[in-house]
Amino acid sequence: MIRFIAANKWFNSHHVLKNINLEISRGEVIVICGPSGAGKSTLLRTINKLEQIDEGEIIVDGMYLSDPKTDLTSLRAEIGMVFQHFNLYPHKSAIKNITLAPRKIRGLSKVQATERAHKLLEKVGLRHKSDAYPVQLSGGEQQRVAIARSLAMEPKIMLFDEPTSALDPELINEVLDVMISLAREGMTMVVVTHEIGFAQKVADRVVFMDNGEIIEIGTPPDIFVNPVHQRTRNFMSNVFHIPVFDFAREQESS
Ligand code: ADP
Ligand code: MG
């Protein structure tokens with residue numbers, strides 16, 4: 001579904017993505033974690049060509065992103081993206097936020113778009129908030145509207161960039177629950193998050209990145225409990241406060 005082949009990117013002289021090779025299958029849920037500045041957001045943004053790579057290739061659902069003939073509108077119509085900050089249109093109600101793109105880009109009628117939006121609001125647990133404006137919604141509710149808005153375009157892939165990191169702790173689970181049900185329905189998802197519980201519930205694989213590189217890829221237990229590399233172990237113990245046995249001096253050769 002998504003394939004990175006020797007992808008490299010620089011911001012001026014700063015090498016931000018270093019020889020990225022990664023293949024993501026249809027229906028897979030991938031969690032990306034790693035320290036700030038590792039290149040996680042940049043990696044995510046290359047999938048819908050919000051950022052362009054300088055070397056290598058990315059293929060998304062058969063579309064070669066280096067090919068100038070690849071149509072950006074059709075690429076982006078297949079890919080939903082949810083950010084840390086919800087970016088809802090402040091002067092539009094929840095329902096209007098959701099119906100806008102399907103009407104404009106997919107050509108749905110007002111009735112069709114509204115019907116779809118009501119179903120999606122129901123799905124994210126906000127049926128009763130369809131006429132509320134963003135300012136009247138909590139952060140968790142706004143993020144759930146943002147997810148519904150992405151889903152209204154019927155994407156084949158959903159990208160999430162730290163979708164809960166701006167939320168008050170008590171609002172995180174309501175957003176994660178929506179993401180978990182989406183994962184269980186078979187959506188292909190790439191999620192930058194440090195929510196270990198989410199990863200353990202639904203991630204097929206976890207990618208650990210540091211300094212522009214993929215350091216290791218494995219199942220959630222592989223990465224969170226038994227990481228191979230010292231850099232991964234240090235990160236896990238710092239961020240998740242997971243006690244990890246440091247056998248670096250004996251075993252780490254690289
Ligand atoms: P992460 O999401 O893992 O925190 P990012 O992908 O946002 O990392 O950033 C990776 C590196 O690229 C960082 O050092 C960041 O400062 C740099 N960077 C990100 N976006 C830009 C940009 N538009 N121009 C220049 N440097 C950038
Ligand atoms: Mg980021």
# chains A, B, ... in the order shown; residues from 1 in each chain; ligands from 1
>>> residues_near_ligand(ligand="ligand 2", cutoff="10 Å", atoms="only C-alpha atoms and all ligand atoms", output="PyMOL selection string")
chain A and resi 33-45+83-84+161-162+192-193
>>> write_last_selection(atoms="N, CA, C and O atoms", output="mmCIF file, in the first residue's frame")
data_model
loop_
_atom_site.group_PDB
_atom_site.id
_atom_site.type_symbol
_atom_site.label_atom_id
_atom_site.label_comp_id
_atom_site.auth_asym_id
_atom_site.auth_seq_id
_atom_site.Cartn_x
_atom_site.Cartn_y
_atom_site.Cartn_z
ATOM 1 N N CYS A 33 7.570 6.008 16.518
ATOM 2 C CA CYS A 33 7.959 6.779 17.691
ATOM 3 C C CYS A 33 9.440 7.109 17.614
ATOM 4 O O CYS A 33 10.164 6.589 16.767
ATOM 5 N N GLY A 34 9.843 7.989 18.486
ATOM 6 C CA GLY A 34 11.239 8.420 18.486
ATOM 7 C C GLY A 34 11.321 9.844 19.002
ATOM 8 O O GLY A 34 10.304 10.527 19.105
ATOM 9 N N PRO A 35 12.540 10.281 19.319
ATOM 10 C CA PRO A 35 12.684 11.604 19.935
ATOM 11 C C PRO A 35 12.268 12.738 19.006
ATOM 12 O O PRO A 35 12.187 12.574 17.795
ATOM 13 N N SER A 36 12.012 13.876 19.602
ATOM 14 C CA SER A 36 11.691 15.092 18.864
ATOM 15 C C SER A 36 12.829 15.409 17.894
ATOM 16 O O SER A 36 14.000 15.302 18.255
ATOM 17 N N GLY A 37 12.462 15.750 16.666
ATOM 18 C CA GLY A 37 13.478 16.060 15.657
ATOM 19 C C GLY A 37 13.978 14.847 14.899
ATOM 20 O O GLY A 37 14.833 14.963 14.015
ATOM 21 N N ALA A 38 13.433 13.659 15.215
ATOM 22 C CA ALA A 38 13.896 12.426 14.565
ATOM 23 C C ALA A 38 13.522 12.365 13.086
ATOM 24 O O ALA A 38 14.121 11.610 12.318
ATOM 25 N N GLY A 39 12.494 13.125 12.701
ATOM 26 C CA GLY A 39 12.040 13.079 11.313
ATOM 27 C C GLY A 39 10.700 12.388 11.142
ATOM 28 O O GLY A 39 10.273 12.107 10.020
ATOM 29 N N LYS A 40 9.998 12.142 12.250
ATOM 30 C CA LYS A 40 8.718 11.412 12.205
ATOM 31 C C LYS A 40 7.669 12.171 11.389
ATOM 32 O O LYS A 40 7.026 11.599 10.512
ATOM 33 N N SER A 41 7.504 13.459 11.688
ATOM 34 C CA SER A 41 6.497 14.245 10.961
ATOM 35 C C SER A 41 6.878 14.360 9.484
ATOM 36 O O SER A 41 6.019 14.253 8.606
ATOM 37 N N THR A 42 8.145 14.572 9.243
ATOM 38 C CA THR A 42 8.592 14.692 7.851
ATOM 39 C C THR A 42 8.306 13.397 7.095
ATOM 40 O O THR A 42 7.782 13.421 5.975
ATOM 41 N N LEU A 43 8.601 12.274 7.720
ATOM 42 C CA LEU A 43 8.327 10.980 7.077
ATOM 43 C C LEU A 43 6.837 10.853 6.742
ATOM 44 O O LEU A 43 6.466 10.484 5.621
ATOM 45 N N LEU A 44 6.003 11.199 7.699
ATOM 46 C CA LEU A 44 4.551 11.103 7.493
ATOM 47 C C LEU A 44 4.112 12.011 6.340
ATOM 48 O O LEU A 44 3.320 11.614 5.484
ATOM 49 N N ARG A 45 4.669 13.219 6.336
ATOM 50 C CA ARG A 45 4.256 14.208 5.333
ATOM 51 C C ARG A 45 4.737 13.878 3.929
ATOM 52 O O ARG A 45 4.191 14.399 2.950
ATOM 53 N N PHE A 83 -3.734 16.017 12.564
ATOM 54 C CA PHE A 83 -2.567 16.634 13.188
ATOM 55 C C PHE A 83 -2.788 16.800 14.695
ATOM 56 O O PHE A 83 -3.900 16.661 15.192
ATOM 57 N N GLN A 84 -1.729 17.224 15.330
ATOM 58 C CA GLN A 84 -1.788 17.536 16.753
ATOM 59 C C GLN A 84 -2.821 18.642 17.021
ATOM 60 O O GLN A 84 -3.619 18.545 17.955
ATOM 61 N N ASP A 161 -0.524 12.498 13.153
ATOM 62 C CA ASP A 161 0.731 13.029 13.692
ATOM 63 C C ASP A 161 0.494 13.528 15.117
ATOM 64 O O ASP A 161 -0.033 14.621 15.322
ATOM 65 N N GLU A 162 0.871 12.728 16.070
ATOM 66 C CA GLU A 162 0.707 13.029 17.496
ATOM 67 C C GLU A 162 -0.687 13.604 17.796
ATOM 68 O O GLU A 162 -0.820 14.698 18.339
ATOM 69 N N VAL A 192 2.022 8.567 14.281
ATOM 70 C CA VAL A 192 3.121 9.022 15.132
ATOM 71 C C VAL A 192 2.524 9.264 16.503
ATOM 72 O O VAL A 192 1.630 10.107 16.663
ATOM 73 N N THR A 193 2.960 8.490 17.468
ATOM 74 C CA THR A 193 2.419 8.646 18.817
ATOM 75 C C THR A 193 3.360 8.001 19.820
ATOM 76 O O THR A 193 4.135 7.111 19.484
#
>>> residues_around(residues="range 10-26 of chain A", least_positions_apart="3", cutoff="12 Å", atoms="only C-alpha atoms", output="PyMOL selection string")
chain A and resi 1-7+29-32+37-47+51-62+156-158+183+185-190+203-218
>>> atom_distance(atom1="atom 24 (N, counted along the ligand's line) of ligand 1", atom2="CA of Leu50 in chain A")
12.3 Å
>>> select_by_dssp(residues="range 54-113 of chain A", states="strand (DSSP E or B)", output="list in words")
Glu55, Gly56, Glu57, Ile58, Ile59, Val60, Met63, Tyr64, Ile79, Gly80, Met81 and Val82 of chain A
>>> write_last_selection(atoms="N, CA and C atoms", output="tab-separated table (two decimals), in the first residue's frame")
chain	number	residue	atom	x	y	z
A	55	GLU	N	15.82	11.92	-2.90
A	55	GLU	CA	16.36	10.71	-3.53
A	55	GLU	C	15.47	9.55	-3.16
A	56	GLY	N	15.44	8.55	-4.03
A	56	GLY	CA	14.66	7.35	-3.75
A	56	GLY	C	13.26	7.47	-4.32
A	57	GLU	N	12.37	6.61	-3.83
A	57	GLU	CA	11.01	6.57	-4.37
A	57	GLU	C	10.03	6.24	-3.25
A	58	ILE	N	8.84	6.80	-3.39
A	58	ILE	CA	7.74	6.39	-2.52
A	58	ILE	C	6.58	6.02	-3.44
A	59	ILE	N	6.00	4.86	-3.19
A	59	ILE	CA	4.88	4.40	-4.00
A	59	ILE	C	3.68	4.25	-3.06
A	60	VAL	N	2.59	4.95	-3.37
A	60	VAL	CA	1.40	4.91	-2.54
A	60	VAL	C	0.24	4.40	-3.39
A	63	MET	N	0.80	4.63	-6.97
A	63	MET	CA	1.22	5.93	-7.52
A	63	MET	C	2.66	6.22	-7.14
A	64	TYR	N	3.49	6.49	-8.15
A	64	TYR	CA	4.89	6.82	-7.91
A	64	TYR	C	4.97	8.32	-7.63
A	79	ILE	N	-5.85	9.91	1.09
A	79	ILE	CA	-5.10	9.92	2.35
A	79	ILE	C	-5.67	10.96	3.30
A	80	GLY	N	-6.16	10.50	4.43
A	80	GLY	CA	-6.63	11.43	5.45
A	80	GLY	C	-5.48	11.75	6.39
A	81	MET	N	-5.46	12.98	6.90
A	81	MET	CA	-4.39	13.32	7.83
A	81	MET	C	-4.94	14.08	9.02
A	82	VAL	N	-4.53	13.66	10.21
A	82	VAL	CA	-4.98	14.29	11.44
A	82	VAL	C	-3.74	14.75	12.19
>>> select_by_dssp(residues="range 54-154 of chain A", states="helix (DSSP H, G or I)", output="PyMOL selection string")
chain A and resi 72-77+94-104+110-123+127-129+134-136+139-151
>>> closest_residue(among="A:Arg149, A:Arg144, A:Lys69, A:His194", to="Arg103 in chain A", atoms="only C-alpha atoms")
A:Arg149
>>> residues_around(residues="Asp177 in chain A", least_positions_apart="4", cutoff="9 Å", atoms="only C-alpha atoms", output="PDB file with N, CA and C atoms, in the first residue's frame")
ATOM      1  N   VAL A 124     -17.976   8.656  15.874  1.00  0.00           N
ATOM      2  CA  VAL A 124     -16.998   9.213  16.813  1.00  0.00           C
ATOM      3  C   VAL A 124     -17.657   9.678  18.117  1.00  0.00           C
ATOM      4  N   ILE A 172      -7.614  12.065  26.314  1.00  0.00           N
ATOM      5  CA  ILE A 172      -6.822  11.290  25.356  1.00  0.00           C
ATOM      6  C   ILE A 172      -7.545  10.012  24.946  1.00  0.00           C
ATOM      7  N   ASN A 173      -8.119   9.319  25.915  1.00  0.00           N
ATOM      8  CA  ASN A 173      -8.698   8.011  25.602  1.00  0.00           C
ATOM      9  C   ASN A 173      -9.874   8.074  24.640  1.00  0.00           C
ATOM     10  N   SER A 181     -10.971   1.769  17.105  1.00  0.00           N
ATOM     11  CA  SER A 181     -12.043   1.118  16.355  1.00  0.00           C
ATOM     12  C   SER A 181     -11.782   1.219  14.850  1.00  0.00           C
ATOM     13  N   LEU A 182     -11.193   2.317  14.431  1.00  0.00           N
ATOM     14  CA  LEU A 182     -10.820   2.465  13.020  1.00  0.00           C
ATOM     15  C   LEU A 182      -9.789   1.399  12.618  1.00  0.00           C
ATOM     16  N   PHE A 198      -2.094   2.406  23.101  1.00  0.00           N
ATOM     17  CA  PHE A 198      -2.653   2.344  21.749  1.00  0.00           C
ATOM     18  C   PHE A 198      -1.829   1.385  20.895  1.00  0.00           C
TER      19      PHE A 198
END
>>> closest_residue(among="A:Ile180, A:Ala152, A:Ala146, A:Leu88", to="Arg116 in chain A", atoms="only C-alpha atoms")
A:Ala152
>>> atom_distance(atom1="CA of Val191 in chain A", atom2="CA of Asn97 in chain A")
22.7 Å
>>> residues_around(residues="Phe240 in chain A", least_positions_apart="3", cutoff="9 Å", atoms="only C-alpha atoms", output="PyMOL selection string")
chain A and resi 194+196+224+235-237+243
>>> atom_distance(atom1="CA of Leu167 in chain A", atom2="CA of Gln136 in chain A")
15.5 Å
